[in-house]
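Quick look at query_23.txt (compact mmCIF, C-alpha atoms and all ligand atoms):
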# COMPACT_ATOMS: atom_id res chain seq x y z
CA MET M 1 167.26 -22.19 80.06
CA LEU M 2 168.24 -24.07 76.89
CA LYS M 3 166.38 -26.96 75.34
CA LEU M 4 167.13 -28.96 72.22
CA LYS M 5 164.40 -31.35 71.16
CA ASN M 6 164.88 -33.80 68.31
CA ILE M 7 167.41 -31.55 66.61
CA ASN M 8 168.65 -32.63 63.18
CA THR M 9 171.54 -30.87 61.47
CA TYR M 10 173.08 -31.63 58.09
CA TYR M 11 176.19 -30.60 56.20
CA GLY M 12 174.90 -31.17 52.69
CA LYS M 13 174.07 -34.87 52.74
CA VAL M 14 176.02 -35.59 55.93
CA HIS M 15 173.50 -36.11 58.73
CA ALA M 16 175.63 -34.77 61.61
CA LEU M 17 173.01 -34.56 64.40
CA LYS M 18 170.30 -37.18 64.63
CA ASN M 19 167.34 -36.33 66.86
CA VAL M 20 169.51 -34.77 69.54
CA SER M 21 167.66 -33.76 72.68
CA LEU M 22 169.34 -32.10 75.62
CA HIS M 23 168.75 -29.33 78.13
CA LEU M 24 170.59 -26.98 80.46
CA ALA M 25 169.10 -25.41 83.57
CA GLU M 26 170.18 -21.91 84.52
CA GLY M 27 173.54 -21.93 86.30
CA GLU M 28 174.44 -25.46 85.28
CA ILE M 29 177.74 -26.63 83.83
CA VAL M 30 177.07 -29.38 81.30
CA THR M 31 179.67 -31.21 79.24
CA LEU M 32 179.45 -33.03 75.92
CA ILE M 33 181.82 -35.90 75.47
CA GLY M 34 182.42 -38.21 72.54
CA ALA M 35 185.01 -39.30 70.01
CA ASN M 36 186.21 -37.18 67.09
CA GLY M 37 183.39 -36.60 64.65
CA ALA M 38 180.64 -37.52 67.13
CA GLY M 39 178.94 -34.15 66.60
CA LYS M 40 180.01 -32.10 69.62
CA THR M 41 181.12 -29.03 67.67
CA THR M 42 178.03 -29.29 65.49
CA ILE M 43 175.82 -29.05 68.59
CA LEU M 44 177.55 -25.82 69.65
CA ASN M 45 177.38 -24.42 66.11
CA THR M 46 173.71 -25.34 65.85
CA ILE M 47 172.93 -23.51 69.11
CA SER M 48 174.89 -20.41 68.05
CA GLY M 49 173.24 -20.38 64.62
CA VAL M 50 176.47 -20.96 62.69
CA THR M 51 175.22 -24.31 61.36
CA PRO M 52 171.43 -24.07 61.67
CA ALA M 53 169.31 -27.11 62.41
CA SER M 54 166.94 -28.27 59.72
CA GLY M 55 164.51 -29.93 62.11
CA GLY M 56 163.53 -30.03 65.76
CA ASP M 57 163.10 -27.38 68.44
CA LEU M 58 165.78 -25.13 69.86
CA LEU M 59 164.53 -23.04 72.75
CA PHE M 60 166.53 -20.47 74.70
CA GLN M 61 164.66 -19.00 77.65
CA LYS M 62 161.51 -20.44 76.09
CA GLU M 63 162.07 -18.58 72.79
CA GLU M 64 162.50 -20.57 69.55
CA ILE M 65 165.92 -19.54 68.19
CA LYS M 66 166.45 -22.16 65.47
CA ALA M 67 165.86 -19.74 62.62
CA LEU M 68 167.77 -16.79 64.09
CA THR M 69 171.07 -15.50 62.71
CA PRO M 70 174.21 -15.79 64.88
CA ASP M 71 174.27 -12.05 65.67
CA ARG M 72 170.69 -12.17 66.98
CA ILE M 73 171.60 -15.18 69.10
CA VAL M 74 174.57 -13.32 70.63
CA LYS M 75 172.22 -10.44 71.46
CA LEU M 76 169.92 -12.83 73.32
CA GLY M 77 172.84 -13.82 75.54
CA ILE M 78 174.66 -16.79 74.00
CA SER M 79 178.39 -16.49 73.26
CA GLN M 80 180.65 -19.13 71.78
CA VAL M 81 184.36 -19.66 72.33
CA PRO M 82 185.33 -21.45 69.13
CA GLU M 83 187.63 -24.42 68.77
CA GLY M 84 191.21 -23.33 68.11
CA ARG M 85 190.59 -20.01 69.90
CA GLN M 86 190.57 -17.89 66.74
CA VAL M 87 191.74 -14.67 68.32
CA PHE M 88 192.69 -11.84 65.95
CA LYS M 89 196.45 -12.35 65.98
CA PRO M 90 197.79 -8.98 64.80
CA MET M 91 195.53 -7.12 67.23
CA THR M 92 196.36 -6.47 70.86
CA VAL M 93 194.69 -8.14 73.82
CA GLU M 94 192.64 -5.02 74.47
CA GLU M 95 191.56 -4.69 70.86
CA ASN M 96 190.42 -8.30 70.81
CA LEU M 97 188.37 -7.70 73.95
CA GLU M 98 186.86 -4.54 72.50
CA LEU M 99 185.70 -6.49 69.44
CA GLY M 100 183.84 -8.85 71.74
CA ALA M 101 182.04 -5.81 73.16
CA TYR M 102 180.42 -4.69 69.93
CA LEU M 103 176.97 -4.98 71.49
CA ARG M 104 178.00 -2.48 74.17
CA TYR M 105 178.49 0.26 71.58
CA ARG M 106 174.75 0.83 71.59
CA ALA M 107 174.76 1.48 75.35
CA ARG M 108 174.25 4.99 76.72
CA ASP M 109 177.84 5.26 77.89
CA PRO M 110 179.74 2.59 75.95
CA LYS M 111 183.23 3.75 76.95
CA THR M 112 182.57 3.40 80.66
CA GLU M 113 180.79 0.08 80.22
CA ILE M 114 183.55 -1.41 78.08
CA LEU M 115 186.20 -0.22 80.52
CA LYS M 116 184.31 -1.83 83.40
CA ASP M 117 183.88 -5.10 81.52
CA LYS M 118 187.58 -5.17 80.59
CA GLU M 119 188.56 -4.64 84.22
CA GLU M 120 186.34 -7.54 85.24
CA ILE M 121 188.03 -9.78 82.70
CA PHE M 122 191.46 -8.67 83.89
CA GLN M 123 190.40 -9.69 87.40
CA LEU M 124 189.54 -13.15 86.14
CA PHE M 125 192.68 -13.41 84.03
CA PRO M 126 195.44 -11.20 85.51
CA ARG M 127 197.78 -12.48 82.81
CA LEU M 128 195.74 -10.66 80.18
CA GLU M 129 196.13 -7.39 82.02
CA GLU M 130 199.90 -7.73 82.08
CA ARG M 131 199.75 -8.26 78.32
CA ARG M 132 197.06 -5.80 77.38
CA LYS M 133 199.16 -4.11 74.68
CA GLN M 134 200.68 -7.32 73.32
CA ALA M 135 199.69 -8.71 69.90
CA ALA M 136 197.47 -11.73 70.53
CA GLY M 137 199.38 -13.89 68.05
CA THR M 138 202.58 -13.60 70.09
CA MET M 139 201.02 -15.04 73.25
CA SER M 140 201.12 -18.65 74.44
CA GLY M 141 198.29 -21.04 73.62
CA GLY M 142 196.95 -20.79 77.17
CA GLU M 143 196.95 -16.99 77.09
CA GLN M 144 195.19 -17.02 73.73
CA GLN M 145 192.55 -19.34 75.19
CA MET M 146 192.07 -16.95 78.12
CA LEU M 147 191.69 -14.12 75.62
CA ALA M 148 189.15 -16.07 73.57
CA ILE M 149 187.10 -16.64 76.73
CA GLY M 150 187.52 -13.00 77.74
CA ARG M 151 186.37 -11.83 74.33
CA ALA M 152 183.23 -13.97 74.57
CA LEU M 153 182.53 -12.61 78.07
CA MET M 154 182.60 -9.02 76.78
CA ALA M 155 179.14 -9.69 75.31
CA ARG M 156 177.93 -10.47 78.86
CA PRO M 157 176.52 -13.87 77.96
CA LYS M 158 174.02 -15.78 80.05
CA LEU M 159 175.09 -18.98 78.30
CA LEU M 160 178.69 -19.65 77.34
CA LEU M 161 179.51 -22.33 74.75
CA LEU M 162 183.10 -23.58 74.90
CA ASP M 163 184.68 -25.82 72.28
CA GLU M 164 187.70 -27.75 73.55
CA PRO M 165 189.24 -25.03 75.71
CA SER M 166 191.93 -27.42 77.00
CA MET M 167 193.19 -28.42 73.56
CA GLY M 168 196.98 -28.47 73.40
CA LEU M 169 197.45 -26.82 76.80
CA ALA M 170 199.60 -27.88 79.75
CA PRO M 171 197.70 -29.39 82.71
CA LEU M 172 198.37 -26.41 84.99
CA VAL M 173 196.97 -23.97 82.44
CA VAL M 174 193.92 -26.19 81.97
CA GLN M 175 193.37 -26.13 85.74
CA GLU M 176 193.58 -22.34 85.74
CA ILE M 177 191.05 -22.04 82.93
CA PHE M 178 188.66 -24.54 84.52
CA ARG M 179 188.88 -22.63 87.82
CA VAL M 180 187.75 -19.51 86.00
CA LEU M 181 184.82 -21.38 84.44
CA GLN M 182 183.79 -22.51 87.91
CA ARG M 183 184.01 -18.92 89.20
CA LEU M 184 181.93 -17.64 86.28
CA ARG M 185 179.19 -20.04 87.23
CA ASP M 186 179.47 -19.66 91.02
CA GLU M 187 179.92 -15.88 91.17
CA ARG M 188 178.03 -14.68 88.11
CA GLY M 189 175.57 -17.46 87.44
CA VAL M 190 176.78 -18.00 83.87
CA THR M 191 175.44 -21.25 82.42
CA ILE M 192 178.12 -23.26 80.62
CA LEU M 193 178.06 -25.88 77.87
CA LEU M 194 181.51 -27.39 77.57
CA VAL M 195 182.80 -29.61 74.78
CA GLU M 196 185.92 -31.50 75.81
CA GLN M 197 188.23 -34.28 74.64
CA ASN M 198 189.56 -34.26 78.19
CA ALA M 199 186.47 -36.03 79.49
CA LYS M 200 187.77 -36.68 82.98
CA ALA M 201 188.58 -33.04 83.73
CA ALA M 202 185.33 -31.92 82.15
CA LEU M 203 183.20 -34.34 84.18
CA LYS M 204 184.96 -33.28 87.38
CA LEU M 205 183.93 -29.68 86.68
CA ALA M 206 180.45 -30.33 85.30
CA ASP M 207 177.13 -31.04 86.99
CA ARG M 208 175.88 -33.25 84.17
CA GLY M 209 177.10 -34.71 80.91
CA TYR M 210 175.91 -36.14 77.62
CA VAL M 211 177.81 -38.80 75.68
CA LEU M 212 177.57 -38.62 71.89
CA GLU M 213 178.28 -41.22 69.28
CA THR M 214 177.91 -40.64 65.53
CA GLY M 215 175.49 -37.75 65.92
CA LYS M 216 173.32 -39.30 68.64
CA VAL M 217 173.08 -38.92 72.40
CA ILE M 218 173.76 -42.42 73.72
CA LEU M 219 174.00 -41.67 77.42
CA GLU M 220 173.27 -38.83 79.82
CA GLY M 221 173.55 -38.39 83.53
CA ALA M 222 175.03 -36.67 86.56
CA ALA M 223 178.74 -36.03 86.05
CA ASP M 224 179.76 -38.11 89.07
CA GLU M 225 177.68 -41.05 87.78
CA LEU M 226 179.26 -40.81 84.33
CA LEU M 227 182.71 -40.76 85.94
CA GLU M 228 181.88 -44.12 87.52
CA ASN M 229 180.12 -45.60 84.49
CA ALA M 230 182.04 -48.63 83.20
CA GLU M 231 181.35 -47.91 79.53
CA VAL M 232 182.36 -44.25 79.85
CA LYS M 233 185.47 -45.26 81.77
CA ARG M 234 186.46 -47.74 79.11
CA ALA M 235 185.81 -45.52 76.10
CA TYR M 236 186.62 -42.01 77.28
CA LEU M 237 188.43 -41.81 80.58
CA GLY M 238 191.58 -43.79 79.94
CA LYS M 239 193.49 -45.61 82.66
CA ASP M 240 194.15 -44.82 86.34
P1 LIG M 301 185.95 -33.17 66.86
O1 LIG M 301 186.27 -33.50 68.26
O2 LIG M 301 186.82 -33.90 65.89
O3 LIG M 301 185.81 -31.72 66.57
P2 LIG M 301 183.08 -33.38 66.94
O4 LIG M 301 182.46 -34.35 67.86
O5 LIG M 301 183.09 -31.97 67.35
O6 LIG M 301 184.53 -33.86 66.59
P3 LIG M 301 181.80 -32.46 64.55
O7 LIG M 301 182.91 -31.53 64.16
O8 LIG M 301 180.58 -31.87 65.10
O9 LIG M 301 182.33 -33.55 65.55
O10 LIG M 301 181.43 -33.35 63.27
C1 LIG M 301 180.31 -34.22 63.18
C2 LIG M 301 180.22 -34.85 61.81
O11 LIG M 301 179.95 -33.87 60.83
C3 LIG M 301 181.51 -35.53 61.36
O12 LIG M 301 181.17 -36.68 60.66
C4 LIG M 301 182.15 -34.51 60.44
O13 LIG M 301 182.95 -35.14 59.46
C5 LIG M 301 180.95 -33.84 59.82
N1 LIG M 301 181.25 -32.44 59.49
C6 LIG M 301 181.65 -31.46 60.33
N2 LIG M 301 181.82 -30.28 59.70
C7 LIG M 301 181.53 -30.53 58.39
C8 LIG M 301 181.50 -29.73 57.22
N3 LIG M 301 181.79 -28.42 57.26
N4 LIG M 301 181.15 -30.33 56.06
C9 LIG M 301 180.82 -31.65 56.02
N5 LIG M 301 180.81 -32.45 57.08
C10 LIG M 301 181.16 -31.92 58.26

Can the structure from this file be put into structure tokens for me?
Amino acid sequence: MLKLKNINTYYGKVHALKNVSLHLAEGEIVTLIGANGAGKTTILNTISGVTPASGGDLLFQKEEIKALTPDRIVKLGISQVPEGRQVFKPMTVEENLELGAYLRYRARDPKTEILKDKEEIFQLFPRLEERRKQAAGTMSGGEQQMLAIGRALMARPKLLLLDEPSMGLAPLVVQEIFRVLQRLRDERGVTILLVEQNAKAALKLADRGYVLETGKVILEGAADELLENAEVKRAYLGKD
């Protein structure tokens, strides 16, 4: 479904991605792990068109998307949940969700479609329904993360890009969010690319993973193999 081949991305003179190649099959959950600054966020931003690649191939459903603007990429079916959630704090939960649905406004009956999509998101995250009229900025970090995911889902993505969804959240909330990601894949066939500092939890959820170091892919494999890999254990999984 998604293929990066020899992708190179720069910030000015900083060469952030060096010949990165990776792929995702439809319905897969794939995780990117690596230390701070390894290039994980840059990979997501390169796919979503926020930080375009300067070289290499970027194919989504066999279409070259490297030169497309982020709004075109969303229309093709790729949505990103950014690092730090970035919900619109003064706006309510419902208003944030409606913003994520801007593509729906061109539908024949946008009101009905948006209502249906919101109900589906409230099924996934009942806590958002309870708080539908609450200003997003007054919610807990976990609730804001749920809202950020919900907002991305309002565009009905085929591929969901998530940047550190567990950051700063309590373990139980992380479990709840990861359960929803699993459901999205199992029940709706959404393909997921997940960037995580919490490598252990991410590899337990994922089918496959890529390990990045200073802008390069240094290792790739099945998630259960990476969990057992001595080097990965030493560098990224901590003790126990
Ligand atoms: P983190 O977990 O800290 O977010 P990361 O693996 O996501 O790390 P990136 O944010 O992709 O890493 O950064 C990759 C490299 O690109 C780093 O060396 C970083 O300093 C550099 N970089 C990122 N954003 C910019 C920017 N806007 N301008 C210049 N350099 C940048």

Worksheet entry | Shortest interatomic distance to ligand LIG 301 (chain M) - which of M:Gly137, M:Gly189, M:Gly84, M:Gly39, counting all atoms listed in the file | M:Gly39

Using only C-alpha atoms and all ligand atoms, I'd like a table of the residues in chain M that come within 7 Å of ligand LIG 301 (chain M); for each, show the closest atom pair and its distance in Å rounded to one decimal, ordered by chain and ascending number, as a Markdown table.
| residue | atom | partner | partner_atom | distance |
| --- | --- | --- | --- | --- |
| M:Tyr11 | CA | M:LIG301 | C9 | 4.8 |
| M:Gly12 | CA | M:LIG301 | C9 | 6.8 |
| M:Val14 | CA | M:LIG301 | N5 | 5.8 |
| M:Ala16 | CA | M:LIG301 | O11 | 4.5 |
| M:Gly34 | CA | M:LIG301 | O4 | 6.1 |
| M:Ala35 | CA | M:LIG301 | O4 | 6.0 |
| M:Asn36 | CA | M:LIG301 | O2 | 3.5 |
| M:Gly37 | CA | M:LIG301 | O9 | 3.4 |
| M:Ala38 | CA | M:LIG301 | O4 | 3.7 |
| M:Gly39 | CA | M:LIG301 | O8 | 3.2 |
| M:Lys40 | CA | M:LIG301 | O4 | 3.8 |
| M:Thr41 | CA | M:LIG301 | O5 | 3.6 |
| M:Thr42 | CA | M:LIG301 | O8 | 3.6 |
| M:Ile43 | CA | M:LIG301 | O8 | 6.5 |
| M:Gln197 | CA | M:LIG301 | O1 | 6.7 |
| M:Gly215 | CA | M:LIG301 | C1 | 6.6 |

Discussion item. Residues within 12 Å of (169.1, -21.1, 74.8), file coordinates, counting all atoms listed in the file: what are they? Give the list as a VMD selection string.
Written reply: chain M and resid 1 to 5 22 to 26 44 46 to 49 57 to 66 68 72 to 79 157 to 161 191 to 193

Fill in: atom CA of Leu194 of chain M to atom CA of Phe125 of chain M, straight-line distance in Å
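Taking atom CA of Phe125 of chain M and atom CA of Leu194 of chain M, their separation equals 19.0 Å.
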
Item to complete: Mind giving me the straight-line distance from atom CA of Tyr236 of chain M to atom CA of Val211 of chain M in Å, one decimal?
Response: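 About the pair atom CA of Tyr236 of chain M and atom CA of Val211 of chain M: they are 9.5 Å apart.
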
Item to complete: Find the residue from M:Ala148, M:Ile177, M:Val50, M:Leu205 that sits nearest to Val30 of chain M; use all atoms listed in the file when measuring.
Response: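 The closest residue to Val30 of chain M is M:Leu205.
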
Item to complete: Have a look at atom CA of Val190 of chain M and atom CA of Ala152 of chain M and let me know their distance in Å, one decimal.
Response: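 Taking atom CA of Val190 of chain M as the start and atom CA of Ala152 of chain M as the end point, the length is 12.0 Å.
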
Fill in: For Glu213 of chain M, the nearest of the candidates M:Met167, M:Leu147, M:Leu99, M:Ala235, counting only C-alpha atoms
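Residue with the minimum atom-to-atom distance to Glu213 of chain M: M:Ala235.
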
Fill in: M:Ala202, M:Lys89, M:Gln80, M:Asp163 ranked by distance to Gln182 of chain M, top pick (using only C-alpha atoms)
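The answer is M:Ala202, which sits nearest to Gln182 of chain M.
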
Worksheet item: Any idea what's packed within 7 Å of Ala136 of chain M, counting all atoms listed in the file, ignoring anything in its chain fewer than 2 positions away? Could you give it as a list in words?
Response: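 Contacts, with the query itself left out: Val87, Phe88, Lys89, Pro90, Met91, Thr92, Val93, Gln134, Thr138, Met139 and Gln144 of chain M.
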
Discussion item. Please determine, counting all atoms listed in the file, which residue among M:Ala222, M:Ala201, M:Glu187, M:Arg151 has the shortest atom-to-atom distance to Gly27 of chain M.
Written reply: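 Smallest separation from Gly27 of chain M among the options: M:Glu187.
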
Item to complete: Take the point (184.2, -25.7, 71.0) in the file's coordinates, draw a sphere of radius 6 Å around it, and report as a VMD selection string every protein, DNA or RNA residue with an atom inside or on it, counting only C-alpha atoms.
Response: chain M and resid 41 82 to 83 162 to 164 195

Worksheet entry | Residue among M:Ala135, M:Tyr210, M:Ala53, M:Leu226 lying closest to Lys18 of chain M, counting only C-alpha atoms | M:Ala53

Please, can segment 44-55 of chain M be completed to all heavy atoms and returned as a CSV table (one decimal), in the frame of the given file?
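Okay, this is what ended up in part_21.csv:
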chain,number,residue,atom,x,y,z
M,44,LEU,N,177.3,-27.2,69.3
M,44,LEU,CA,177.6,-25.8,69.6
M,44,LEU,C,177.2,-24.9,68.5
M,44,LEU,O,176.6,-23.8,68.7
M,44,LEU,CB,179.0,-25.6,70.1
M,44,LEU,CG,179.5,-26.4,71.3
M,44,LEU,CD1,180.9,-25.9,71.7
M,44,LEU,CD2,178.5,-26.3,72.4
M,45,ASN,N,177.6,-25.3,67.3
M,45,ASN,CA,177.4,-24.4,66.1
M,45,ASN,C,175.9,-24.3,65.8
M,45,ASN,O,175.4,-23.3,65.2
M,45,ASN,CB,178.2,-24.9,64.9
M,45,ASN,CG,179.7,-24.6,65.0
M,45,ASN,OD1,180.1,-23.8,65.9
M,45,ASN,ND2,180.5,-25.3,64.3
M,46,THR,N,175.2,-25.4,66.1
M,46,THR,CA,173.7,-25.3,65.8
M,46,THR,C,173.0,-24.4,66.8
M,46,THR,O,172.2,-23.6,66.5
M,46,THR,CB,173.1,-26.8,66.0
M,46,THR,OG1,173.7,-27.6,64.9
M,46,THR,CG2,171.6,-26.8,65.9
M,47,ILE,N,173.5,-24.4,68.1
M,47,ILE,CA,172.9,-23.5,69.1
M,47,ILE,C,173.2,-22.1,68.7
M,47,ILE,O,172.4,-21.2,68.8
M,47,ILE,CB,173.5,-23.9,70.5
M,47,ILE,CG1,173.0,-25.3,70.9
M,47,ILE,CG2,173.0,-22.8,71.5
M,47,ILE,CD1,173.7,-25.8,72.2
M,48,SER,N,174.5,-21.8,68.3
M,48,SER,CA,174.9,-20.4,68.0
M,48,SER,C,174.4,-19.9,66.7
M,48,SER,O,174.7,-18.8,66.3
M,48,SER,CB,176.4,-20.3,68.2
M,48,SER,OG,177.1,-21.1,67.2
M,49,GLY,N,173.8,-20.8,65.9
M,49,GLY,CA,173.2,-20.4,64.6
M,49,GLY,C,174.2,-20.4,63.5
M,49,GLY,O,173.9,-20.0,62.4
M,50,VAL,N,175.4,-20.9,63.7
M,50,VAL,CA,176.5,-21.0,62.7
M,50,VAL,C,176.1,-22.1,61.7
M,50,VAL,O,176.3,-21.9,60.5
M,50,VAL,CB,177.9,-21.2,63.3
M,50,VAL,CG1,178.9,-21.4,62.3
M,50,VAL,CG2,178.2,-20.0,64.2
M,51,THR,N,175.6,-23.2,62.2
M,51,THR,CA,175.2,-24.3,61.4
M,51,THR,C,173.8,-24.6,61.8
M,51,THR,O,173.5,-25.5,62.6
M,51,THR,CB,176.1,-25.6,61.6
M,51,THR,OG1,177.5,-25.2,61.6
M,51,THR,CG2,175.9,-26.6,60.6
M,52,PRO,N,172.8,-23.9,61.2
M,52,PRO,CA,171.4,-24.1,61.7
M,52,PRO,C,170.9,-25.5,61.5
M,52,PRO,O,171.3,-26.2,60.6
M,52,PRO,CB,170.7,-23.1,60.8
M,52,PRO,CG,171.7,-22.2,60.2
M,52,PRO,CD,172.9,-23.0,60.1
M,53,ALA,N,170.0,-25.8,62.5
M,53,ALA,CA,169.3,-27.1,62.4
M,53,ALA,C,168.3,-27.1,61.3
M,53,ALA,O,167.7,-26.0,61.0
M,53,ALA,CB,168.7,-27.4,63.8
M,54,SER,N,168.0,-28.3,60.7
M,54,SER,CA,166.9,-28.3,59.7
M,54,SER,C,165.6,-28.8,60.3
M,54,SER,O,164.6,-28.7,59.7
M,54,SER,CB,167.4,-29.1,58.5
M,54,SER,OG,167.6,-30.4,58.9
M,55,GLY,N,165.7,-29.4,61.5
M,55,GLY,CA,164.5,-29.9,62.1
M,55,GLY,C,164.7,-30.0,63.6
M,55,GLY,O,165.8,-30.1,64.1
